[in-house]
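Q: Structure provided below as structure tokens; questions to follow.
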Amino acid sequence: MEGDRIIFEKSTEEEFDCFTSDMLRGWCTKFEQCKFMVDVIKRPSLNKANRLYLRRSRCADRNGDIMICCPLNSTILGHIPNMGLLPSPGECGFTLSDKIFGGTRTRIDEHPWMVLLQYLVDSPDLVFGCGGVLINHRYVLTAAHCVRKITQYARLISVRLGEWDIRTEIDCEFDNCNNSPIDVPIERVIPHELYQPEQLSQHNDIALLRLSRNINYTDWIRPLCLPLGPRELDETYEGVYMNIAGWGRTENGSASNVLQKAGIAGVNIDDCNRLYNRINVTLKNSQICAGAQGGVDSCNGDSGGPLIAESDDRIPHLYVAGITSFGPSRCGFKGQPGIYTRVNSFVNWIMSHLRP
């Protein structure tokens, strides 16, 4: 932040999402940075099929460097930049509450990673707009439309952490009371370089917020894990039961003062595309379609908030599967699922933008 001005990171197209010749999700990167491709070329018997695969894997040329589409798992496993900036195992994706899935009203200590984005509109008072999710001591993950579209008429100033009931300074549930929430200025806004605000389909709707200082973890402020395990990286979420949370619109159109949650299930992306094609929206595999059963869906006020999944890894934890992007204009309209940015498609993008 320079003075009171938030810095927007400049666009770069050195790396971007791609698909390999056998239709695996990948990352367009320099040849020598992809362990999978390096291993292929080191094989003692490099046959015709291998050479053809290498040729078809080229995705761009950058200043004489050959860029190839590196399969996502190859790039991720052991080769993610900035892994040391992520929470240690056991630091992210768990809470003091033993009740995460089910119900509508959250427990006071149930979602310590939830973030509220604060905007300046006309009055001197800040207003809450989108949501977000804390992923480490310094960064919040949110939707790109929360920092590109909304900021056409509102100025993004800060985030609030450790909130539960926005009406009170100290929140209590029975005899369990939290600390006061904290408001932290935003130092840098990093929307995805390929996000286009005017695009109906809202591809690449993801952004990072770098906070002005490191955040100490407490019982009420704690990060959510990123999807880094092999299963999490390959998960399509079709039929997977997940949780959404936020202070946004409820089914009667009013905002909630207390953090709410809802359970939803992933929907087949092709089936979802048939629904959304009617309104000229084309979804990609980098998006998740979920919700709508019985009128349950995330609504406008929850934009940028997390879609939360449960990992069955050797250390069970919760992780951010998606970021709330958009949905039907009628909140929770039965039969029309909501759309979420699929975080496992953007892990390399996220990690490449983290700084100490």
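Letters A, B, ... go to the chains of the structure tokens in the order shown; residues in each chain start at 1; ligands are counted from 1 in the same order.
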Mind checking which residues fall within 12 Å of Leu224 (chain A), counting only C-alpha atoms, ignoring those fewer than 6 positions away in the same chain, and posting them as an MDAnalysis selection string?
A: chainID A and resid 86:95 110:115 132:137 139:141 217 305:311 317:322
Q: Run DSSP on the backbone and give me the residues of region 148-180 of chain A it puts in strand (DSSP E), as number ranges by chain.
A: A: 155-161, 172-173, 176-177
Q: Skip Ser158 (chain A) itself and residues of its chain fewer than 2 positions away, then list as a PyMOL selection string all residues within 7 Å of it, counting only C-alpha atoms.
A: chain A and resi 117-118+156+160+183-186
Q: Which one of A:Cys289, A:Pro197, A:Pro191, A:Tyr276 sits closest to Gly239 (chain A) if you count only C-alpha atoms?
A: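 Of A:Cys289, A:Pro197, A:Pro191, A:Tyr276, the one nearest Gly239 (chain A) is A:Cys289, counting only C-alpha atoms.
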Q: Considering only alpha helix (DSSP H) as DSSP defines it on the backbone, what residues of region 174-352 of chain A qualify? List them as JSON, numbers by chain.
A: {"A": [230, 231, 232, 233, 234, 269, 270, 271, 272, 273, 274, 275, 276, 347, 348, 349, 350, 351, 352]}
Q: Can those selected residues be exported to a file as a PDB file, in the first residue's frame so that it contains N, CA and C atoms?
A:
ATOM      1  N   PRO A 230      -2.831 -35.455  -3.596  1.00  0.00           N
ATOM      2  CA  PRO A 230      -3.136 -36.017  -4.924  1.00  0.00           C
ATOM      3  C   PRO A 230      -4.632 -36.162  -5.186  1.00  0.00           C
ATOM      4  N   ARG A 231      -5.385 -36.657  -4.205  1.00  0.00           N
ATOM      5  CA  ARG A 231      -6.836 -36.808  -4.392  1.00  0.00           C
ATOM      6  C   ARG A 231      -7.518 -35.452  -4.513  1.00  0.00           C
ATOM      7  N   GLU A 232      -7.074 -34.514  -3.702  1.00  0.00           N
ATOM      8  CA  GLU A 232      -7.690 -33.184  -3.724  1.00  0.00           C
ATOM      9  C   GLU A 232      -7.418 -32.471  -5.040  1.00  0.00           C
ATOM     10  N   LEU A 233      -6.245 -32.695  -5.610  1.00  0.00           N
ATOM     11  CA  LEU A 233      -5.898 -32.050  -6.877  1.00  0.00           C
ATOM     12  C   LEU A 233      -6.708 -32.598  -8.041  1.00  0.00           C
ATOM     13  N   ASP A 234      -7.098 -33.873  -7.954  1.00  0.00           N
ATOM     14  CA  ASP A 234      -7.834 -34.510  -9.051  1.00  0.00           C
ATOM     15  C   ASP A 234      -9.344 -34.509  -8.837  1.00  0.00           C
ATOM     16  N   ILE A 269     -20.688 -31.273 -14.213  1.00  0.00           N
ATOM     17  CA  ILE A 269     -20.465 -30.004 -14.911  1.00  0.00           C
ATOM     18  C   ILE A 269     -21.172 -29.971 -16.266  1.00  0.00           C
ATOM     19  N   ASP A 270     -21.297 -31.127 -16.935  1.00  0.00           N
ATOM     20  CA  ASP A 270     -21.991 -31.160 -18.229  1.00  0.00           C
ATOM     21  C   ASP A 270     -23.486 -30.921 -18.053  1.00  0.00           C
ATOM     22  N   ASP A 271     -24.066 -31.533 -17.009  1.00  0.00           N
ATOM     23  CA  ASP A 271     -25.485 -31.296 -16.720  1.00  0.00           C
ATOM     24  C   ASP A 271     -25.713 -29.826 -16.379  1.00  0.00           C
ATOM     25  N   CYS A 272     -24.779 -29.264 -15.635  1.00  0.00           N
ATOM     26  CA  CYS A 272     -24.888 -27.860 -15.243  1.00  0.00           C
ATOM     27  C   CYS A 272     -24.771 -26.949 -16.464  1.00  0.00           C
ATOM     28  N   ASN A 273     -23.889 -27.320 -17.372  1.00  0.00           N
ATOM     29  CA  ASN A 273     -23.720 -26.535 -18.597  1.00  0.00           C
ATOM     30  C   ASN A 273     -25.005 -26.469 -19.403  1.00  0.00           C
ATOM     31  N   ARG A 274     -25.747 -27.574 -19.428  1.00  0.00           N
ATOM     32  CA  ARG A 274     -27.013 -27.580 -20.179  1.00  0.00           C
ATOM     33  C   ARG A 274     -28.001 -26.576 -19.589  1.00  0.00           C
ATOM     34  N   LEU A 275     -27.955 -26.405 -18.268  1.00  0.00           N
ATOM     35  CA  LEU A 275     -28.833 -25.426 -17.623  1.00  0.00           C
ATOM     36  C   LEU A 275     -28.382 -23.998 -17.925  1.00  0.00           C
ATOM     37  N   TYR A 276     -27.084 -23.759 -17.808  1.00  0.00           N
ATOM     38  CA  TYR A 276     -26.566 -22.402 -17.953  1.00  0.00           C
ATOM     39  C   TYR A 276     -26.407 -21.964 -19.405  1.00  0.00           C
ATOM     40  N   VAL A 347      -3.997 -23.807  -8.074  1.00  0.00           N
ATOM     41  CA  VAL A 347      -3.012 -23.906  -6.993  1.00  0.00           C
ATOM     42  C   VAL A 347      -1.673 -23.298  -7.399  1.00  0.00           C
ATOM     43  N   ASN A 348      -1.211 -23.607  -8.597  1.00  0.00           N
ATOM     44  CA  ASN A 348       0.061 -23.027  -9.037  1.00  0.00           C
ATOM     45  C   ASN A 348      -0.020 -21.510  -9.141  1.00  0.00           C
ATOM     46  N   TRP A 349      -1.141 -21.014  -9.627  1.00  0.00           N
ATOM     47  CA  TRP A 349      -1.313 -19.562  -9.729  1.00  0.00           C
ATOM     48  C   TRP A 349      -1.245 -18.932  -8.340  1.00  0.00           C
ATOM     49  N   ILE A 350      -1.950 -19.530  -7.388  1.00  0.00           N
ATOM     50  CA  ILE A 350      -1.947 -19.007  -6.017  1.00  0.00           C
ATOM     51  C   ILE A 350      -0.528 -18.994  -5.457  1.00  0.00           C
ATOM     52  N   MET A 351       0.136 -20.147  -5.551  1.00  0.00           N
ATOM     53  CA  MET A 351       1.449 -20.281  -4.930  1.00  0.00           C
ATOM     54  C   MET A 351       2.495 -19.366  -5.568  1.00  0.00           C
ATOM     55  N   SER A 352       2.376 -19.152  -6.870  1.00  0.00           N
ATOM     56  CA  SER A 352       3.369 -18.319  -7.555  1.00  0.00           C
ATOM     57  C   SER A 352       3.258 -16.844  -7.182  1.00  0.00           C
TER      58      SER A 352
END
Q: For a test of reading the model, state the distance in Å between CA of Val147 (chain A) and CA of Ile215 (chain A), rounded to one decimal.
A: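 These two atoms are separated by 21.2 Å.
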Q: Residues at most 6 Å from Cys69 (chain A), counting only C-alpha atoms, excluding those fewer than 6 positions away in the same chain, as a PDB file with C-alpha atoms, in the first residue's frame?
A:
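Output contents, as saved in out_26.pdb:
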ATOM      1  CA  THR A  20      -1.984 -31.455 -22.146  1.00  0.00           C
ATOM      2  CA  GLY A  26      -1.712 -28.467 -16.583  1.00  0.00           C
ATOM      3  CA  TRP A  27       0.324 -25.298 -16.197  1.00  0.00           C
ATOM      4  CA  CYS A  28       2.095 -23.625 -19.099  1.00  0.00           C
ATOM      5  CA  SER A  57       2.888 -30.273 -25.242  1.00  0.00           C
ATOM      6  CA  CYS A  59       1.896 -24.184 -25.296  1.00  0.00           C
TER       7      CYS A  59
END
Q: Which is closer to Gln260 (chain A) than all the others in A:Arg105, A:Arg55, A:Lys30, A:His203, using only C-alpha atoms?
A: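 Nearest to Gln260 (chain A): A:Arg105.
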Q: Would you compute the distance between CA of Trp164 (chain A) and CA of Arg188 (chain A)? Give it in Å to one decimal.
A: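 The value is 25.4 Å.
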Q: Fewer than 3 positions away in the same chain doesn't count, so skip those; otherwise give me all residues within 10 Å of Thr104 (chain A), counting only C-alpha atoms, as JSON, numbers by chain.
A: {"A": [101, 107, 244, 245, 259, 260, 261, 262, 263]}
